[in-house]
Every structure is written in structure tokens, then in C-alpha cells.
>>> print(open('start_11.pdb').read())   # PDB, C-alpha atoms
ATOM      1  CA  PHE C   1       8.749 -24.673  76.590  1.00  0.00           C
ATOM      2  CA  SER C   2       7.531 -22.893  73.471  1.00  0.00           C
ATOM      3  CA  LEU C   3       5.625 -20.268  75.443  1.00  0.00           C
ATOM      4  CA  GLY C   4       8.636 -19.670  77.662  1.00  0.00           C
ATOM      5  CA  ASN C   5      10.855 -19.307  74.620  1.00  0.00           C
ATOM      6  CA  GLU C   6       8.490 -16.814  72.987  1.00  0.00           C
ATOM      7  CA  TYR C   7       8.173 -14.733  76.163  1.00  0.00           C
ATOM      8  CA  LEU C   8      11.951 -14.672  76.414  1.00  0.00           C
ATOM      9  CA  LYS C   9      12.193 -13.490  72.798  1.00  0.00           C
ATOM     10  CA  ALA C  10       9.660 -10.767  73.641  1.00  0.00           C
ATOM     11  CA  ASN C  11      11.838  -9.604  76.574  1.00  0.00           C
ATOM     12  CA  ASP C  12       9.350 -10.774  79.196  1.00  0.00           C
ATOM     13  CA  ALA C  13      11.686 -12.933  81.250  1.00  0.00           C
ATOM     14  CA  ALA C  14       9.369 -13.050  84.278  1.00  0.00           C
ATOM     15  CA  ARG C  15       6.609 -14.748  82.282  1.00  0.00           C
ATOM     16  CA  ALA C  16       9.168 -16.943  80.553  1.00  0.00           C
ATOM     17  CA  VAL C  17      10.388 -18.203  83.933  1.00  0.00           C
ATOM     18  CA  ASN C  18       6.896 -19.380  84.875  1.00  0.00           C
ATOM     19  CA  HIS C  19       6.465 -21.384  81.682  1.00  0.00           C
ATOM     20  CA  LEU C  20       9.987 -22.789  81.721  1.00  0.00           C
ATOM     21  CA  HIS C  21       9.577 -23.914  85.335  1.00  0.00           C
ATOM     22  CA  ALA C  22       6.463 -25.762  84.185  1.00  0.00           C
ATOM     23  CA  ALA C  23       8.382 -27.313  81.282  1.00  0.00           C
ATOM     24  CA  VAL C  24      11.121 -28.740  83.505  1.00  0.00           C
ATOM     25  CA  ALA C  25       8.537 -29.892  86.054  1.00  0.00           C
ATOM     26  CA  GLN C  26       6.883 -31.930  83.306  1.00  0.00           C
ATOM     27  CA  ASP C  27      10.177 -33.253  81.910  1.00  0.00           C
ATOM     28  CA  SER C  28      13.244 -32.827  84.100  1.00  0.00           C
ATOM     29  CA  ALA C  29      15.417 -34.379  81.374  1.00  0.00           C
ATOM     30  CA  TYR C  30      14.645 -31.558  78.901  1.00  0.00           C
ATOM     31  CA  SER C  31      18.050 -29.855  78.817  1.00  0.00           C
ATOM     32  CA  ALA C  32      16.970 -27.103  76.390  1.00  0.00           C
ATOM     33  CA  ALA C  33      14.305 -25.997  78.868  1.00  0.00           C
ATOM     34  CA  TRP C  34      16.871 -25.894  81.675  1.00  0.00           C
ATOM     35  CA  LYS C  35      19.156 -23.775  79.499  1.00  0.00           C
ATOM     36  CA  LEU C  36      16.431 -21.248  78.695  1.00  0.00           C
ATOM     37  CA  LEU C  37      15.264 -21.227  82.307  1.00  0.00           C
ATOM     38  CA  GLY C  38      18.786 -20.305  83.395  1.00  0.00           C
ATOM     39  CA  LYS C  39      18.906 -17.513  80.833  1.00  0.00           C
ATOM     40  CA  ALA C  40      15.528 -16.149  81.924  1.00  0.00           C
ATOM     41  CA  LEU C  41      16.497 -16.296  85.592  1.00  0.00           C
ATOM     42  CA  VAL C  42      19.664 -14.318  84.870  1.00  0.00           C
ATOM     43  CA  GLN C  43      17.563 -11.683  83.113  1.00  0.00           C
ATOM     44  CA  ILE C  44      15.319 -11.220  86.147  1.00  0.00           C
ATOM     45  CA  GLY C  45      18.334 -11.071  88.459  1.00  0.00           C
ATOM     46  CA  ASP C  46      17.985 -14.486  90.107  1.00  0.00           C
ATOM     47  CA  VAL C  47      21.617 -15.553  89.799  1.00  0.00           C
ATOM     48  CA  GLU C  48      21.362 -18.367  92.352  1.00  0.00           C
ATOM     49  CA  GLY C  49      18.289 -19.741  90.603  1.00  0.00           C
ATOM     50  CA  ALA C  50      20.130 -19.572  87.298  1.00  0.00           C
ATOM     51  CA  ARG C  51      23.079 -21.470  88.774  1.00  0.00           C
ATOM     52  CA  ALA C  52      20.721 -24.183  89.993  1.00  0.00           C
ATOM     53  CA  ALA C  53      18.960 -24.351  86.623  1.00  0.00           C
ATOM     54  CA  TYR C  54      22.236 -24.644  84.726  1.00  0.00           C
ATOM     55  CA  ALA C  55      23.499 -27.320  87.126  1.00  0.00           C
ATOM     56  CA  SER C  56      20.290 -29.315  86.658  1.00  0.00           C
ATOM     57  CA  GLY C  57      20.521 -28.798  82.916  1.00  0.00           C
ATOM     58  CA  ILE C  58      24.108 -30.025  82.805  1.00  0.00           C
ATOM     59  CA  ALA C  59      23.112 -33.128  84.738  1.00  0.00           C
ATOM     60  CA  ALA C  60      20.141 -33.752  82.413  1.00  0.00           C
ATOM     61  CA  ALA C  61      22.206 -33.208  79.273  1.00  0.00           C
ATOM     62  CA  SER C  62      25.034 -35.409  80.517  1.00  0.00           C
ATOM     63  CA  ALA C  63      22.614 -38.211  81.374  1.00  0.00           C
ATOM     64  CA  LYS C  64      21.282 -38.112  77.797  1.00  0.00           C
ATOM     65  CA  GLY C  65      24.727 -37.828  76.224  1.00  0.00           C
ATOM     66  CA  ASP C  66      24.000 -34.313  74.928  1.00  0.00           C
ATOM     67  CA  LYS C  67      27.556 -33.039  75.227  1.00  0.00           C
ATOM     68  CA  GLN C  68      26.969 -29.778  73.357  1.00  0.00           C
ATOM     69  CA  ALA C  69      24.145 -28.630  75.639  1.00  0.00           C
ATOM     70  CA  ALA C  70      26.172 -29.592  78.719  1.00  0.00           C
ATOM     71  CA  LYS C  71      29.167 -27.601  77.422  1.00  0.00           C
ATOM     72  CA  GLU C  72      27.047 -24.542  76.680  1.00  0.00           C
ATOM     73  CA  MET C  73      25.503 -24.504  80.136  1.00  0.00           C
ATOM     74  CA  ALA C  74      28.921 -25.046  81.741  1.00  0.00           C
ATOM     75  CA  VAL C  75      30.144 -21.928  79.926  1.00  0.00           C
ATOM     76  CA  PHE C  76      27.103 -19.954  81.118  1.00  0.00           C
ATOM     77  CA  LEU C  77      27.732 -21.153  84.660  1.00  0.00           C
ATOM     78  CA  LYS C  78      31.386 -20.074  84.509  1.00  0.00           C
ATOM     79  CA  ARG C  79      30.325 -16.645  83.244  1.00  0.00           C
ATOM     80  CA  LEU C  80      28.035 -16.261  86.246  1.00  0.00           C
ATOM     81  CA  ASP C  81      30.909 -17.159  88.561  1.00  0.00           C
ATOM     82  CA  ARG C  82      33.180 -14.586  86.906  1.00  0.00           C
ATOM     83  CA  THR C  83      30.645 -11.770  87.147  1.00  0.00           C
ATOM     84  CA  GLU C  84      30.472 -12.099  90.915  1.00  0.00           C
TER      85      GLU C  84
END
>>> encode(input="start_11.pdb", output="C-alpha cells")
Amino acid sequence: FSLGNEYLKANDAARAVNHLHAAVAQDSAYSAAWKLLGKALVQIGDVEGARAAYASGIAAASAKGDKQAAKEMAVFLKRLDRTE
């Protein structure tokens, strides 16, 4: 997660995606990783992948009772829908 976050900060979304995919593979309940993965996927132009990441993140956040993270990803998902 940390490597993915740092690559994203450094504007290297492609590398960030690789690390964030690994983070969610290790812990599918890690909603923050899903959120960053969605953001990175948007930056590389993978809108469908981002939708899937946000949907998984919303499910993970909801299961843990993390309402704020679920709300944020729902907003990001709606923005993707509006841009198309």
C-alpha cells in the first residue's frame, strides 16, 4: 500500500497500480487500498477497472462499518458515471 501511495504521489500511476493490486490481493478488506487503486486506474485510463475497484472498496468499507470511506468511493464512482 505504501509503495503504491508513494508512486501515485510521484505521478507514476502505472507502478502504483501494480503495488495497490498486490495490497488488495493480500487484504481484500483494506478499503483505503481499494480507494487508491481506483484513483490510480482512473489516471491510467482504465475506467472500468476503476469502477470495479471502487465497487469492491465500497463493499469492503461497508462490511467494516467504515461509512466515510464508502461514501467517498461512492462519490468517485458517481463522478465516473457522469464523465461518460
>>> closest_residue(input="start_11.pdb", among="C:Gln68, C:Ala53, C:Glu48, C:Lys9", to="Asp81 of chain C", atoms="all atoms listed in the file")
C:Glu48
>>> resolve_selection(input="start_11.pdb", expression="the PyMOL selection byres ((chain C and resi 43) around 10)", output="PDB file with C-alpha atoms, in the coordinates of the input")
ATOM      1  CA  LEU C   8      11.951 -14.672  76.414  1.00  0.00           C
ATOM      2  CA  ASN C  11      11.838  -9.604  76.574  1.00  0.00           C
ATOM      3  CA  ASP C  12       9.350 -10.774  79.196  1.00  0.00           C
ATOM      4  CA  ALA C  13      11.686 -12.933  81.250  1.00  0.00           C
ATOM      5  CA  ALA C  14       9.369 -13.050  84.278  1.00  0.00           C
ATOM      6  CA  VAL C  17      10.388 -18.203  83.933  1.00  0.00           C
ATOM      7  CA  LEU C  37      15.264 -21.227  82.307  1.00  0.00           C
ATOM      8  CA  GLY C  38      18.786 -20.305  83.395  1.00  0.00           C
ATOM      9  CA  LYS C  39      18.906 -17.513  80.833  1.00  0.00           C
ATOM     10  CA  ALA C  40      15.528 -16.149  81.924  1.00  0.00           C
ATOM     11  CA  LEU C  41      16.497 -16.296  85.592  1.00  0.00           C
ATOM     12  CA  VAL C  42      19.664 -14.318  84.870  1.00  0.00           C
ATOM     13  CA  ILE C  44      15.319 -11.220  86.147  1.00  0.00           C
ATOM     14  CA  GLY C  45      18.334 -11.071  88.459  1.00  0.00           C
ATOM     15  CA  ASP C  46      17.985 -14.486  90.107  1.00  0.00           C
ATOM     16  CA  VAL C  47      21.617 -15.553  89.799  1.00  0.00           C
ATOM     17  CA  ALA C  50      20.130 -19.572  87.298  1.00  0.00           C
TER      18      ALA C  50
END
>>> atom_distance(input="start_11.pdb", atom1="atom CA of Leu3 of chain C", atom2="atom CA of Leu80 of chain C")
25.2 Å
>>> residues_near_point(input="start_11.pdb", point="(25.1, -21.6, 86.0)", cutoff="6 Å", atoms="only C-alpha atoms", output="list in words")
Ala50, Arg51, Tyr54, Phe76 and Leu77 of chain C
>>> write_last_selection(input="start_11.pdb", atoms="C-alpha atoms", output="short mmCIF file (atom, residue, chain, number, x, y, z; two decimals), keeping the file's coordinate frame")
data_model
loop_
_atom_site.label_atom_id
_atom_site.label_comp_id
_atom_site.auth_asym_id
_atom_site.auth_seq_id
_atom_site.Cartn_x
_atom_site.Cartn_y
_atom_site.Cartn_z
CA ALA C 50 20.13 -19.57 87.30
CA ARG C 51 23.08 -21.47 88.77
CA TYR C 54 22.24 -24.64 84.73
CA PHE C 76 27.10 -19.95 81.12
CA LEU C 77 27.73 -21.15 84.66
#
>>> closest_residue(input="start_11.pdb", among="C:Val24, C:Met73, C:Lys67, C:Tyr7", to="Ala55 of chain C", atoms="all atoms listed in the file")
C:Met73
>>> atom_distance(input="start_11.pdb", atom1="atom CA of Gly57 of chain C", atom2="atom CA of Lys35 of chain C")
6.2 Å
>>> residues_near_point(input="start_11.pdb", point="(13.7, -35.3, 81.4)", cutoff="12 Å", atoms="only C-alpha atoms", output="PyMOL selection string")
chain C and resi 23-34+56-64
>>> write_last_selection(input="start_11.pdb", atoms="C-alpha atoms", output="compact mmCIF listing (two decimals), in the frame of the given file")
# COMPACT_ATOMS: atom_id res chain seq x y z
CA ALA C 23 8.38 -27.31 81.28
CA VAL C 24 11.12 -28.74 83.50
CA ALA C 25 8.54 -29.89 86.05
CA GLN C 26 6.88 -31.93 83.31
CA ASP C 27 10.18 -33.25 81.91
CA SER C 28 13.24 -32.83 84.10
CA ALA C 29 15.42 -34.38 81.37
CA TYR C 30 14.64 -31.56 78.90
CA SER C 31 18.05 -29.86 78.82
CA ALA C 32 16.97 -27.10 76.39
CA ALA C 33 14.30 -26.00 78.87
CA TRP C 34 16.87 -25.89 81.68
CA SER C 56 20.29 -29.32 86.66
CA GLY C 57 20.52 -28.80 82.92
CA ILE C 58 24.11 -30.02 82.80
CA ALA C 59 23.11 -33.13 84.74
CA ALA C 60 20.14 -33.75 82.41
CA ALA C 61 22.21 -33.21 79.27
CA SER C 62 25.03 -35.41 80.52
CA ALA C 63 22.61 -38.21 81.37
CA LYS C 64 21.28 -38.11 77.80
>>> closest_residue(input="start_11.pdb", among="C:Ala74, C:Leu20, C:Ala52, C:Ala69", to="Gly4 of chain C", atoms="all atoms listed in the file")
C:Leu20
>>> atom_distance(input="start_11.pdb", atom1="atom CA of Glu72 of chain C", atom2="atom CA of Leu36 of chain C")
11.3 Å
>>> closest_residue(input="start_11.pdb", among="C:Phe1, C:Glu6, C:Lys71, C:Asp66", to="His19 of chain C", atoms="all atoms listed in the file")
C:Phe1
>>> axis_aligned_box(input="start_11.pdb", around="segment 1-12 of chain C", padding_each_side="8 Å", output="JSON")
{"center_x": 8.9, "center_y": -17.1, "center_z": 76.0, "size_x": 22.6, "size_y": 31.1, "size_z": 22.4}
>>> decode(input="start_11.pdb", residues="segment 2-84 of chain C", atoms="C-alpha atoms", output="mmCIF file, in the first residue's frame")
data_model
loop_
_atom_site.group_PDB
_atom_site.id
_atom_site.type_symbol
_atom_site.label_atom_id
_atom_site.label_comp_id
_atom_site.auth_asym_id
_atom_site.auth_seq_id
_atom_site.Cartn_x
_atom_site.Cartn_y
_atom_site.Cartn_z
ATOM 1 C CA SER C 2 2.707 2.465 0.989
ATOM 2 C CA LEU C 3 4.684 1.917 -2.206
ATOM 3 C CA GLY C 4 1.545 2.335 -4.285
ATOM 4 C CA ASN C 5 0.706 5.533 -2.448
ATOM 5 C CA GLU C 6 4.197 6.951 -2.982
ATOM 6 C CA TYR C 7 4.199 6.076 -6.691
ATOM 7 C CA LEU C 8 0.828 7.770 -7.018
ATOM 8 C CA LYS C 9 2.201 10.881 -5.297
ATOM 9 C CA ALA C 10 5.125 10.802 -7.743
ATOM 10 C CA ASN C 11 2.690 10.717 -10.703
ATOM 11 C CA ASP C 12 3.609 7.159 -11.665
ATOM 12 C CA ALA C 13 0.128 5.668 -11.664
ATOM 13 C CA ALA C 14 1.145 2.581 -13.661
ATOM 14 C CA ARG C 15 3.599 1.471 -10.972
ATOM 15 C CA ALA C 16 1.126 2.442 -8.271
ATOM 16 C CA VAL C 17 -1.481 0.133 -9.812
ATOM 17 C CA ASN C 18 0.856 -2.856 -9.550
ATOM 18 C CA HIS C 19 1.543 -2.283 -5.863
ATOM 19 C CA LEU C 20 -2.061 -1.476 -4.999
ATOM 20 C CA HIS C 21 -3.264 -4.633 -6.754
ATOM 21 C CA ALA C 22 -0.826 -6.536 -4.549
ATOM 22 C CA ALA C 23 -2.131 -4.740 -1.452
ATOM 23 C CA VAL C 24 -5.757 -5.695 -2.098
ATOM 24 C CA ALA C 25 -4.723 -9.243 -3.019
ATOM 25 C CA GLN C 26 -3.119 -9.558 0.412
ATOM 26 C CA ASP C 27 -6.032 -7.908 2.241
ATOM 27 C CA SER C 28 -9.272 -7.551 0.303
ATOM 28 C CA ALA C 29 -10.857 -5.744 3.267
ATOM 29 C CA TYR C 30 -8.376 -2.835 3.051
ATOM 30 C CA SER C 31 -10.725 -0.105 1.815
ATOM 31 C CA ALA C 32 -8.013 2.586 1.624
ATOM 32 C CA ALA C 33 -6.077 0.426 -0.837
ATOM 33 C CA TRP C 34 -9.192 -0.043 -2.971
ATOM 34 C CA LYS C 35 -9.738 3.719 -2.988
ATOM 35 C CA LEU C 36 -6.186 4.463 -4.123
ATOM 36 C CA LEU C 37 -6.316 1.646 -6.664
ATOM 37 C CA GLY C 38 -9.424 3.217 -8.184
ATOM 38 C CA LYS C 39 -7.707 6.593 -8.342
ATOM 39 C CA ALA C 40 -4.607 5.121 -9.981
ATOM 40 C CA LEU C 41 -6.688 3.191 -12.504
ATOM 41 C CA VAL C 42 -8.525 6.376 -13.477
ATOM 42 C CA GLN C 43 -5.175 8.084 -14.030
ATOM 43 C CA ILE C 44 -4.017 5.384 -16.443
ATOM 44 C CA GLY C 45 -7.350 5.470 -18.271
ATOM 45 C CA ASP C 46 -8.795 2.176 -17.021
ATOM 46 C CA VAL C 47 -12.263 3.461 -16.152
ATOM 47 C CA GLU C 48 -13.866 0.012 -15.969
ATOM 48 C CA GLY C 49 -11.102 -1.206 -13.674
ATOM 49 C CA ALA C 50 -11.594 1.858 -11.504
ATOM 50 C CA ARG C 51 -15.333 1.185 -11.295
ATOM 51 C CA ALA C 52 -14.628 -2.374 -10.178
ATOM 52 C CA ALA C 53 -12.062 -1.204 -7.623
ATOM 53 C CA TYR C 54 -14.428 1.382 -6.165
ATOM 54 C CA ALA C 55 -17.265 -1.159 -6.014
ATOM 55 C CA SER C 56 -15.015 -3.626 -4.185
ATOM 56 C CA GLY C 57 -13.830 -0.848 -1.904
ATOM 57 C CA ILE C 58 -17.379 0.194 -1.062
ATOM 58 C CA ALA C 59 -18.237 -3.399 -0.215
ATOM 59 C CA ALA C 60 -15.108 -3.746 1.955
ATOM 60 C CA ALA C 61 -15.715 -0.449 3.738
ATOM 61 C CA SER C 62 -19.382 -1.219 4.330
ATOM 62 C CA ALA C 63 -18.539 -4.635 5.767
ATOM 63 C CA LYS C 64 -16.186 -2.966 8.269
ATOM 64 C CA GLY C 65 -18.599 -0.150 9.086
ATOM 65 C CA ASP C 66 -16.287 2.467 7.546
ATOM 66 C CA LYS C 67 -19.045 4.767 6.335
ATOM 67 C CA GLN C 68 -16.762 7.655 5.376
ATOM 68 C CA ALA C 69 -14.609 5.569 3.029
ATOM 69 C CA ALA C 70 -17.720 4.017 1.470
ATOM 70 C CA LYS C 71 -19.217 7.488 0.900
ATOM 71 C CA GLU C 72 -16.025 8.809 -0.673
ATOM 72 C CA MET C 73 -15.768 5.920 -3.104
ATOM 73 C CA ALA C 74 -19.474 6.221 -3.955
ATOM 74 C CA VAL C 75 -18.848 9.856 -4.903
ATOM 75 C CA PHE C 76 -15.858 8.856 -7.053
ATOM 76 C CA LEU C 77 -17.977 6.199 -8.735
ATOM 77 C CA LYS C 78 -20.746 8.709 -9.492
ATOM 78 C CA ARG C 79 -18.182 11.092 -10.984
ATOM 79 C CA LEU C 80 -17.002 8.341 -13.317
ATOM 80 C CA ASP C 81 -20.586 7.717 -14.405
ATOM 81 C CA ARG C 82 -21.125 11.422 -15.110
ATOM 82 C CA THR C 83 -17.972 11.778 -17.196
ATOM 83 C CA GLU C 84 -19.149 9.125 -19.628
#
